[in-house]
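Below is my_file.cif, which holds mmCIF, C-alpha atoms and all ligand atoms.
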```
data_work
loop_
_atom_site.label_atom_id
_atom_site.label_comp_id
_atom_site.auth_asym_id
_atom_site.auth_seq_id
_atom_site.Cartn_x
_atom_site.Cartn_y
_atom_site.Cartn_z
CA MET A 17 17.16 49.18 5.16
CA SER A 18 18.83 46.52 7.16
CA LEU A 19 18.99 46.59 10.95
CA PRO A 20 22.13 45.87 12.99
CA ILE A 21 20.20 43.33 15.09
CA ASP A 22 19.35 39.63 14.99
CA LEU A 23 17.19 38.36 17.84
CA HIS A 24 16.89 34.70 16.80
CA LEU A 25 20.11 32.66 16.68
CA HIS A 26 21.08 29.06 17.46
CA SER A 27 24.43 27.78 18.75
CA HIS A 28 25.80 24.26 19.14
CA CYS A 29 24.04 24.12 22.51
CA SER A 30 21.05 23.17 20.34
CA ASP A 31 21.16 22.52 16.59
CA GLY A 32 23.39 25.37 15.43
CA ALA A 33 26.91 24.78 14.12
CA TYR A 34 28.95 27.28 16.15
CA SER A 35 29.84 27.74 19.79
CA PRO A 36 28.20 30.73 21.51
CA ARG A 37 31.53 32.59 21.38
CA GLU A 38 32.03 31.90 17.66
CA LEU A 39 28.50 33.05 16.99
CA VAL A 40 29.02 36.36 18.80
CA ARG A 41 32.28 36.93 16.90
CA LYS A 42 30.52 36.26 13.61
CA ALA A 43 27.79 38.70 14.62
CA LYS A 44 30.44 41.34 15.34
CA ALA A 45 32.10 40.68 11.97
CA ALA A 46 28.71 41.04 10.27
CA GLY A 47 28.32 44.50 11.86
CA LEU A 48 25.56 43.56 14.32
CA LYS A 49 25.11 45.57 17.51
CA THR A 50 22.44 43.58 19.35
CA ILE A 51 21.77 39.84 19.16
CA ALA A 52 19.87 37.24 21.15
CA LEU A 53 20.89 33.62 21.63
CA THR A 54 17.70 31.55 21.42
CA ASP A 55 18.64 27.87 21.54
CA HIS A 56 15.88 25.24 21.51
CA ASP A 57 15.10 24.20 25.10
CA SER A 58 18.50 25.38 26.32
CA VAL A 59 20.10 28.34 28.07
CA GLU A 60 23.43 26.53 28.43
CA GLY A 61 25.20 28.86 26.00
CA ILE A 62 24.11 32.16 27.49
CA THR A 63 26.90 32.73 30.00
CA GLU A 64 29.53 32.24 27.28
CA ALA A 65 27.64 34.39 24.77
CA VAL A 66 27.17 37.26 27.23
CA ALA A 67 30.88 37.14 28.15
CA ALA A 68 31.91 37.06 24.48
CA GLY A 69 29.57 39.98 23.80
CA LYS A 70 31.30 42.02 26.50
CA GLU A 71 34.71 41.16 25.04
CA CYS A 72 33.90 42.31 21.55
CA GLY A 73 31.22 44.95 22.10
CA VAL A 74 28.03 43.20 21.01
CA GLU A 75 24.94 43.43 23.18
CA VAL A 76 23.75 39.87 23.88
CA ILE A 77 20.18 39.43 25.08
CA PRO A 78 19.66 36.13 26.91
CA GLY A 79 16.98 34.06 25.21
CA VAL A 80 15.47 30.64 24.59
CA GLU A 81 13.12 29.00 22.06
CA LEU A 82 10.47 26.60 23.38
CA SER A 83 8.21 24.28 21.35
CA LEU A 84 4.54 24.32 22.25
CA ASN A 85 1.46 22.58 20.99
CA TYR A 86 -2.18 23.46 21.00
CA GLU A 87 -4.90 21.54 19.14
CA GLU A 88 -3.81 21.09 15.50
CA TYR A 89 -0.84 23.43 15.92
CA SER A 90 1.87 20.88 16.66
CA GLY A 91 4.88 23.17 16.39
CA ILE A 92 4.31 26.61 17.88
CA HIS A 93 7.64 28.19 18.80
CA LEU A 94 7.88 30.64 21.66
CA LEU A 95 10.87 32.89 22.22
CA GLY A 96 11.74 34.11 25.69
CA TYR A 97 13.88 37.24 26.02
CA TYR A 98 15.81 38.84 28.86
CA LEU A 99 15.16 35.90 31.09
CA ASN A 100 17.17 35.12 34.17
CA TRP A 101 18.82 32.06 32.69
CA ARG A 102 19.93 30.87 36.12
CA ASN A 103 16.35 30.54 37.33
CA PRO A 104 16.07 27.03 38.89
CA LEU A 105 12.50 26.38 37.72
CA LEU A 106 13.45 27.23 34.13
CA ASN A 107 16.57 25.05 34.25
CA GLU A 108 14.70 22.11 35.73
CA ALA A 109 12.05 22.27 33.01
CA LEU A 110 14.64 22.65 30.22
CA THR A 111 16.70 19.71 31.52
CA GLU A 112 13.64 17.50 31.33
CA LEU A 113 12.75 18.71 27.83
CA ARG A 114 16.31 17.94 26.66
CA GLN A 115 16.20 14.44 28.15
CA VAL A 116 13.02 13.77 26.21
CA ARG A 117 14.61 15.22 23.06
CA ALA A 118 17.59 12.85 23.38
CA GLN A 119 15.31 9.79 23.65
CA ARG A 120 13.12 11.04 20.83
CA GLY A 121 16.18 11.59 18.58
CA GLU A 122 17.12 7.94 18.97
CA MET A 123 13.54 6.83 18.27
CA ILE A 124 13.56 8.84 15.04
CA VAL A 125 16.87 7.26 13.99
CA GLU A 126 15.40 3.79 14.66
CA LYS A 127 12.37 4.62 12.51
CA ILE A 128 14.58 5.93 9.71
CA ASN A 129 16.74 2.80 9.94
CA LEU A 130 13.67 0.61 9.39
CA LEU A 131 12.87 2.61 6.27
CA LEU A 132 16.50 2.38 5.07
CA LYS A 133 16.46 -1.39 5.64
CA GLN A 134 13.38 -1.73 3.44
CA GLN A 135 15.30 0.21 0.78
CA GLY A 136 18.32 -2.11 1.17
CA LYS A 137 20.48 0.71 2.53
CA LEU A 138 22.90 0.81 5.46
CA PRO A 139 21.54 2.25 8.73
CA LEU A 140 22.48 5.49 10.50
CA ASP A 141 24.73 5.13 13.52
CA ILE A 142 23.07 6.19 16.79
CA ALA A 143 26.50 6.70 18.40
CA LYS A 144 27.20 9.36 15.78
CA LEU A 145 24.04 11.21 16.80
CA ARG A 146 25.24 11.23 20.43
CA GLU A 147 28.61 12.56 19.28
CA LYS A 148 27.11 15.27 17.13
CA ALA A 149 24.33 16.45 19.41
CA LYS A 150 25.83 17.23 22.80
CA GLY A 151 23.22 19.76 23.88
CA SER A 152 19.60 19.91 22.88
CA VAL A 153 19.06 17.14 20.28
CA GLY A 154 17.00 18.14 17.25
CA ARG A 155 15.98 16.79 13.88
CA PRO A 156 18.58 18.99 12.08
CA HIS A 157 21.29 16.83 13.74
CA ILE A 158 19.76 13.74 12.13
CA SER A 159 19.47 15.63 8.86
CA GLN A 160 23.25 16.11 8.97
CA LEU A 161 23.78 12.37 9.47
CA LEU A 162 21.56 11.68 6.45
CA ILE A 163 23.52 14.16 4.34
CA GLU A 164 26.87 12.71 5.46
CA LYS A 165 25.67 9.24 4.41
CA GLY A 166 24.60 10.59 1.04
CA TYR A 167 20.89 9.87 1.62
CA ALA A 168 20.00 13.53 1.06
CA THR A 169 21.88 16.46 -0.38
CA TYR A 170 20.42 19.28 1.73
CA GLN A 171 18.32 19.73 4.86
CA GLN A 172 14.96 20.30 3.18
CA GLU A 173 15.35 17.06 1.21
CA ALA A 174 16.29 15.16 4.40
CA PHE A 175 13.12 16.48 6.05
CA ASP A 176 10.86 15.74 3.08
CA ARG A 177 12.17 12.20 2.54
CA PHE A 178 12.95 11.05 6.09
CA LEU A 179 12.37 13.41 8.98
CA VAL A 180 8.78 14.40 8.32
CA PRO A 181 7.58 10.81 7.55
CA CYS A 182 9.59 9.34 10.47
CA ASN A 183 8.93 12.11 12.99
CA VAL A 184 8.24 11.20 16.60
CA PRO A 185 6.44 14.00 18.43
CA LYS A 186 8.51 15.47 21.23
CA LYS A 187 7.19 16.55 24.60
CA LYS A 188 5.83 20.03 24.25
CA LEU A 189 4.45 22.48 26.70
CA SER A 190 1.04 24.05 26.28
CA PRO A 191 1.03 27.76 25.39
CA HIS A 192 0.02 28.52 28.97
CA GLU A 193 2.86 26.43 30.44
CA GLY A 194 5.45 27.90 28.06
CA ILE A 195 4.45 31.49 28.70
CA GLU A 196 4.29 30.94 32.46
CA LEU A 197 7.74 29.33 32.44
CA ILE A 198 9.24 32.33 30.67
CA LYS A 199 7.46 34.70 33.00
CA ALA A 200 8.67 32.74 36.04
CA ALA A 201 12.22 33.48 34.84
CA LYS A 202 11.23 37.14 34.31
CA GLY A 203 11.46 36.89 30.56
CA ILE A 204 9.35 38.37 27.77
CA ALA A 205 7.34 35.82 25.75
CA VAL A 206 7.21 36.29 21.97
CA LEU A 207 5.56 34.12 19.29
CA ALA A 208 8.28 33.06 16.83
CA HIS A 209 7.81 32.89 13.03
CA PRO A 210 4.00 33.23 13.07
CA THR A 211 3.61 31.49 9.69
CA ILE A 212 5.18 28.24 10.96
CA LEU A 213 2.96 26.61 13.55
CA THR A 214 3.24 22.86 12.90
CA ASP A 215 6.05 20.28 13.00
CA GLU A 216 5.63 19.67 9.25
CA ARG A 217 5.90 23.42 8.65
CA ARG A 218 2.66 23.50 6.73
CA GLU A 219 1.91 27.03 5.51
CA GLU A 220 -1.02 28.14 7.64
CA SER A 221 -3.98 30.00 6.21
CA ALA A 222 -4.34 33.61 7.37
CA ALA A 223 -7.45 32.63 9.34
CA ASP A 224 -5.64 29.82 11.19
CA GLN A 225 -2.72 32.07 11.98
CA LEU A 226 -5.06 34.68 13.38
CA GLU A 227 -6.91 32.12 15.47
CA LEU A 228 -3.65 30.99 17.05
CA ILE A 229 -2.33 34.54 17.45
CA HIS A 230 -5.50 35.49 19.31
CA TYR A 231 -5.36 32.38 21.46
CA MET A 232 -1.74 33.13 22.41
CA LEU A 233 -2.82 36.64 23.36
CA THR A 234 -5.33 35.27 25.83
CA GLN A 235 -2.51 33.22 27.37
CA GLY A 236 -0.35 36.26 28.04
CA ARG A 237 2.10 36.25 25.13
CA GLU A 238 3.69 39.70 24.82
CA GLY A 239 5.21 39.95 21.37
CA ILE A 240 5.36 38.60 17.84
CA GLU A 241 8.32 37.97 15.54
CA ALA A 242 7.05 40.23 12.77
CA VAL A 243 10.37 40.24 10.92
CA TYR A 244 11.72 36.79 10.03
CA SER A 245 13.91 35.40 7.24
CA GLY A 246 11.99 35.37 3.99
CA TYR A 247 9.09 37.56 5.13
CA ASN A 248 8.12 40.20 2.60
CA GLN A 249 7.06 43.77 3.29
CA SER A 250 3.34 43.05 3.23
CA GLN A 251 3.69 40.19 5.75
CA ILE A 252 5.82 42.39 7.99
CA ASP A 253 3.33 45.27 7.75
CA TYR A 254 0.49 42.88 8.57
CA TYR A 255 2.16 41.60 11.77
CA CYS A 256 3.28 45.10 12.77
CA GLU A 257 -0.31 46.29 12.43
CA LEU A 258 -1.58 43.37 14.52
CA ALA A 259 1.06 44.19 17.11
CA ARG A 260 -0.02 47.82 17.19
CA LYS A 261 -3.65 46.83 17.60
CA HIS A 262 -2.96 44.50 20.52
CA ASN A 263 -0.12 46.44 22.14
CA LEU A 264 2.37 43.68 21.36
CA LEU A 265 6.10 44.07 20.92
CA ILE A 266 7.60 43.14 17.61
CA THR A 267 10.92 41.34 17.23
CA ALA A 268 13.19 40.58 14.29
CA GLY A 269 15.34 37.49 13.82
CA SER A 270 16.91 35.36 11.12
CA ASP A 271 16.86 31.89 12.83
CA PHE A 272 20.46 31.40 11.71
CA HIS A 273 21.96 27.95 12.40
CA ARG A 274 24.97 27.52 10.08
CA GLN A 275 26.85 29.26 7.30
CA GLU A 276 25.94 26.66 4.66
CA GLY A 277 22.23 27.05 5.29
CA ARG A 278 19.78 29.15 3.34
CA ILE A 279 19.45 31.61 6.23
CA LYS A 280 22.31 34.07 6.76
CA LEU A 281 23.33 35.68 10.03
CA GLY A 282 21.79 39.13 10.45
CA GLN A 283 20.10 39.10 7.05
CA LEU A 284 16.47 39.86 7.69
CA GLY A 285 15.58 40.63 4.08
CA THR A 286 16.62 43.16 1.50
CA GLY A 287 14.90 46.39 0.52
CA LEU A 288 12.58 46.26 3.53
CA ASN A 289 11.23 49.20 5.44
CA LEU A 290 11.66 48.14 9.08
CA PRO A 291 11.11 49.98 12.36
CA GLY A 292 14.51 51.06 13.67
CA ASP A 293 13.78 50.78 17.39
CA ILE A 294 12.88 47.08 17.79
CA ALA A 295 15.67 46.10 20.21
CA GLN A 296 15.33 49.34 22.14
CA ARG A 297 11.60 48.79 22.70
CA LEU A 298 12.19 45.23 23.87
CA GLY A 299 14.65 46.54 26.47
CA GLU A 300 12.21 49.27 27.50
CA ARG A 301 9.41 46.75 27.95
CA TYR A 302 11.64 44.69 30.22
CA LYS A 303 12.44 47.75 32.27
CA GLU A 304 8.79 48.77 32.57
CA LYS A 305 7.84 45.31 33.80
CA TYR A 306 10.73 44.30 35.97
CA GLY A 307 13.01 47.32 36.49
CA ASP A 308 16.69 47.32 35.55
CA TYR A 309 18.07 44.03 34.29
CA PRO A 310 19.74 42.62 37.41
CA ILE A 311 23.49 42.75 37.07
CA THR A 312 23.70 39.80 39.49
CA VAL A 313 22.39 37.37 36.86
CA ILE A 314 25.26 38.40 34.58
P1 LIG B 401 12.90 19.67 16.26
O1 LIG B 401 12.84 20.75 17.30
O2 LIG B 401 13.86 18.58 16.63
O3 LIG B 401 11.55 19.14 15.87
O4 LIG B 401 13.54 20.33 14.95
C1 LIG B 401 12.95 21.48 14.46
C2 LIG B 401 13.94 22.27 13.63
O5 LIG B 401 14.17 21.55 12.42
C3 LIG B 401 13.38 23.61 13.21
O6 LIG B 401 13.68 24.61 14.15
C4 LIG B 401 14.07 23.84 11.89
O7 LIG B 401 15.37 24.38 12.09
C5 LIG B 401 14.22 22.46 11.31
N1 LIG B 401 13.10 22.05 10.42
C6 LIG B 401 11.87 21.68 10.78
N2 LIG B 401 11.10 21.33 9.71
C7 LIG B 401 11.90 21.47 8.63
C8 LIG B 401 11.71 21.28 7.23
N3 LIG B 401 10.55 20.85 6.73
N4 LIG B 401 12.75 21.55 6.43
C9 LIG B 401 13.92 21.97 6.92
N5 LIG B 401 14.16 22.18 8.22
C10 LIG B 401 13.18 21.94 9.08
ZN ZN B 402 16.88 24.96 15.23
FE FE B 403 11.63 27.97 15.50
FE FE B 404 14.80 28.88 15.83
#
```

Once you've parsed the file, please lay out its structure as structure tokens.
Amino acid sequence: MSLPIDLHLHSHCSDGAYSPRELVRKAKAAGLKTIALTDHDSVEGITEAVAAGKECGVEVIPGVELSLNYEEYSGIHLLGYYLNWRNPLLNEALTELRQVRAQRGEMIVEKINLLLKQQGKLPLDIAKLREKAKGSVGRPHISQLLIEKGYATYQQEAFDRFLVPCNVPKKKLSPHEGIELIKAAKGIAVLAHPTILTDERREESAADQLELIHYMLTQGREGIEAVYSGYNQSQIDYYCELARKHNLLITAGSDFHRQEGRIKLGQLGTGLNLPGDIAQRLGERYKEKYGDYPITVI
């Protein structure tokens, strides 16, 4: 069974290919009823996405994706849902994170250029990165530059050959800071793709995942992305069971960025048995905690 929802999407306000409006239209064309825009460190696209959703009849949940680190877990991603995206504290923090991302993007390009020089190859053009990445700068933007130059043929190869070896860590919040920031904007904090917890996307052992999941629980995280692109039924059942045990919400998202990528909009997996009320329960949780979603923020 496939669900008409996708609660993890990126637009060109971070490292996705499409504008928020284009993304909503594509979601409509794909038959989706409820989506969430979850750009990295940015809520800049939400107003446009919500308006586009109203125009074409798709429910758009405001969201964000933050990067956190804790001990050896260098790339924990936290989704925030139903937040008041106009909250000043949230916007101040995100602006600072994006400034750091822009500087870090240029540092990564400089590192890659040193490597290219050693290989007798022409460097990447930093001006092109600025052109390409107008919102929240991420490594996928640099991956596109590498592909355009012919130094890699697809994103995974660009990461393996250049972006993982030349990575520069970006400023990350602690789990406590990230969760508090989302709560300050009256959002619901959810651990994204629980198998990916480091910047190198090392596959974590089940024990390490559990350690982190439990730690995040102590910090006030409220949900877990139990359904994610590529997850099989036994993984999904495992996270759903954990969620049940700890009274956590579950969410479902593809992490779609662009048509050419491996991940397709709204495709959460085939032949899966998924709970049908995921989006509904997320909305209910919001209501229980904060009351009706304030129309004034829309
Ligand atoms: P950043 O936030 O700039 O560190 O970029 C992280 C994003 O890059 C992730 O959200 C993924 O979309 C992508 N990414 C990270 N690691 C890899 C990898 N090993 N292969 C392909 N894409 C990756
Ligand atoms: Zn991304
Ligand atoms: Fe992520
Ligand atoms: Fe994502």

(Q) What's around stretch 135-148 of chain A at 12 Å? Count only C-alpha atoms, leave out sequence neighbours fewer than 3 positions away in its own chain, and write the answer as number ranges by chain. (A) A: 28-33, 117-132, 151-167, 178

Q: Calculate how many Å separate atom CA of A:Ile195 from atom CA of A:Arg237, rounding to one decimal.
A: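 Distance between the two atoms: 6.4 Å.
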
Q: Enter the distance from atom CA of A:Pro78 to atom CA of A:Thr54, in Å, rounded to one decimal.
A: 7.4 Å

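Those residues positioned at most 10 Å from (14.9, 36.2, 13.8) are Ile21, Asp22, Leu23, His24, Leu25, Ile51, Ala52, Thr54, Leu95, Ala208, His209, Glu241, Ala242, Val243, Tyr244, Ser245, Thr267, Ala268, Gly269, Ser270, Asp271, Phe272, Ile279, Leu281, Gly282, Gln283 and Leu284 of chain A, judged using only C-alpha atoms.
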
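With distances taken over all atoms listed in the file, A:Gln171 is the one residue among A:Thr111, A:Ser35, A:Asn248, A:Gln171 lying closest to ligand LIG 401 (chain B).
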
Q: Go ahead and compute the interatomic distance for atom CA of A:Asp55 and atom CA of A:Arg218, in Å to one decimal.
A: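 Separation between atom CA of A:Asp55 and atom CA of A:Arg218: 22.2 Å.
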
Q) Could you list, as an NGL selection string, all the residues within 8 Å of ligand FE 403 (chain B), counting all atoms listed in the file? A) :A and (56 or 81 or 83 or 92-94 or 208-209 or 212 or 271)

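Ranking A:Leu19, A:Ala295, A:Ala67, A:Glu60 by their shortest atom-to-atom distance to A:Arg41, with only C-alpha atoms included, puts A:Ala67 first.
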
Q) So, counting all atoms listed in the file, which residue among A:Ala222, A:Leu82, A:Leu110, A:Gly73 is closest to A:Tyr255? A)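 Closest residue, counting all atoms listed in the file: A:Ala222.
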
Q) Between A:Tyr254, A:Tyr170, A:Tyr302, A:Tyr309, which is the closest to ligand LIG 401 (chain B) once you count all atoms listed in the file? A)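 Going through A:Tyr254, A:Tyr170, A:Tyr302, A:Tyr309 one by one, the smallest distance to ligand LIG 401 (chain B) is for A:Tyr170.
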
Q.
Using only C-alpha atoms for the distances, tell me which of A:Gln115, A:Asn107, A:Asn263, A:Thr169 is nearest to A:Leu197.
A. A:Asn107

**Q.** Which residue of A:Leu226, A:Gly239, A:Lys303, A:Arg114 approaches A:Lys150 most closely, using all atoms listed in the file
**A.**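 Among the listed residues, the smallest separation from A:Lys150 belongs to A:Arg114.
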
Q.
Env of stretch 74-77 of chain A: 9 Å cut, atoms = all atoms listed in the file, seq-sep filter 2 positions within chain, self excluded. Answer as a list of chain:residue names.
A. A:Leu23, A:Val40, A:Arg41, A:Ala43, A:Lys44, A:Leu48, A:Lys49, A:Thr50, A:Ile51, A:Ala52, A:Leu53, A:Ile62, A:Ala65, A:Val66, A:Ala67, A:Ala68, A:Gly69, A:Lys70, A:Glu71, A:Cys72, A:Gly79, A:Tyr97, A:Tyr98, A:Leu99

Q. Excluding same-chain residues fewer than 4 positions from stretch 228-233 of chain A, what lies within 12 Å of it counting all atoms listed in the file, as a PyMOL selection string?
A. chain A and resi 84-94+190-196+205-214+220-224+237-242+255+258-259+261-265
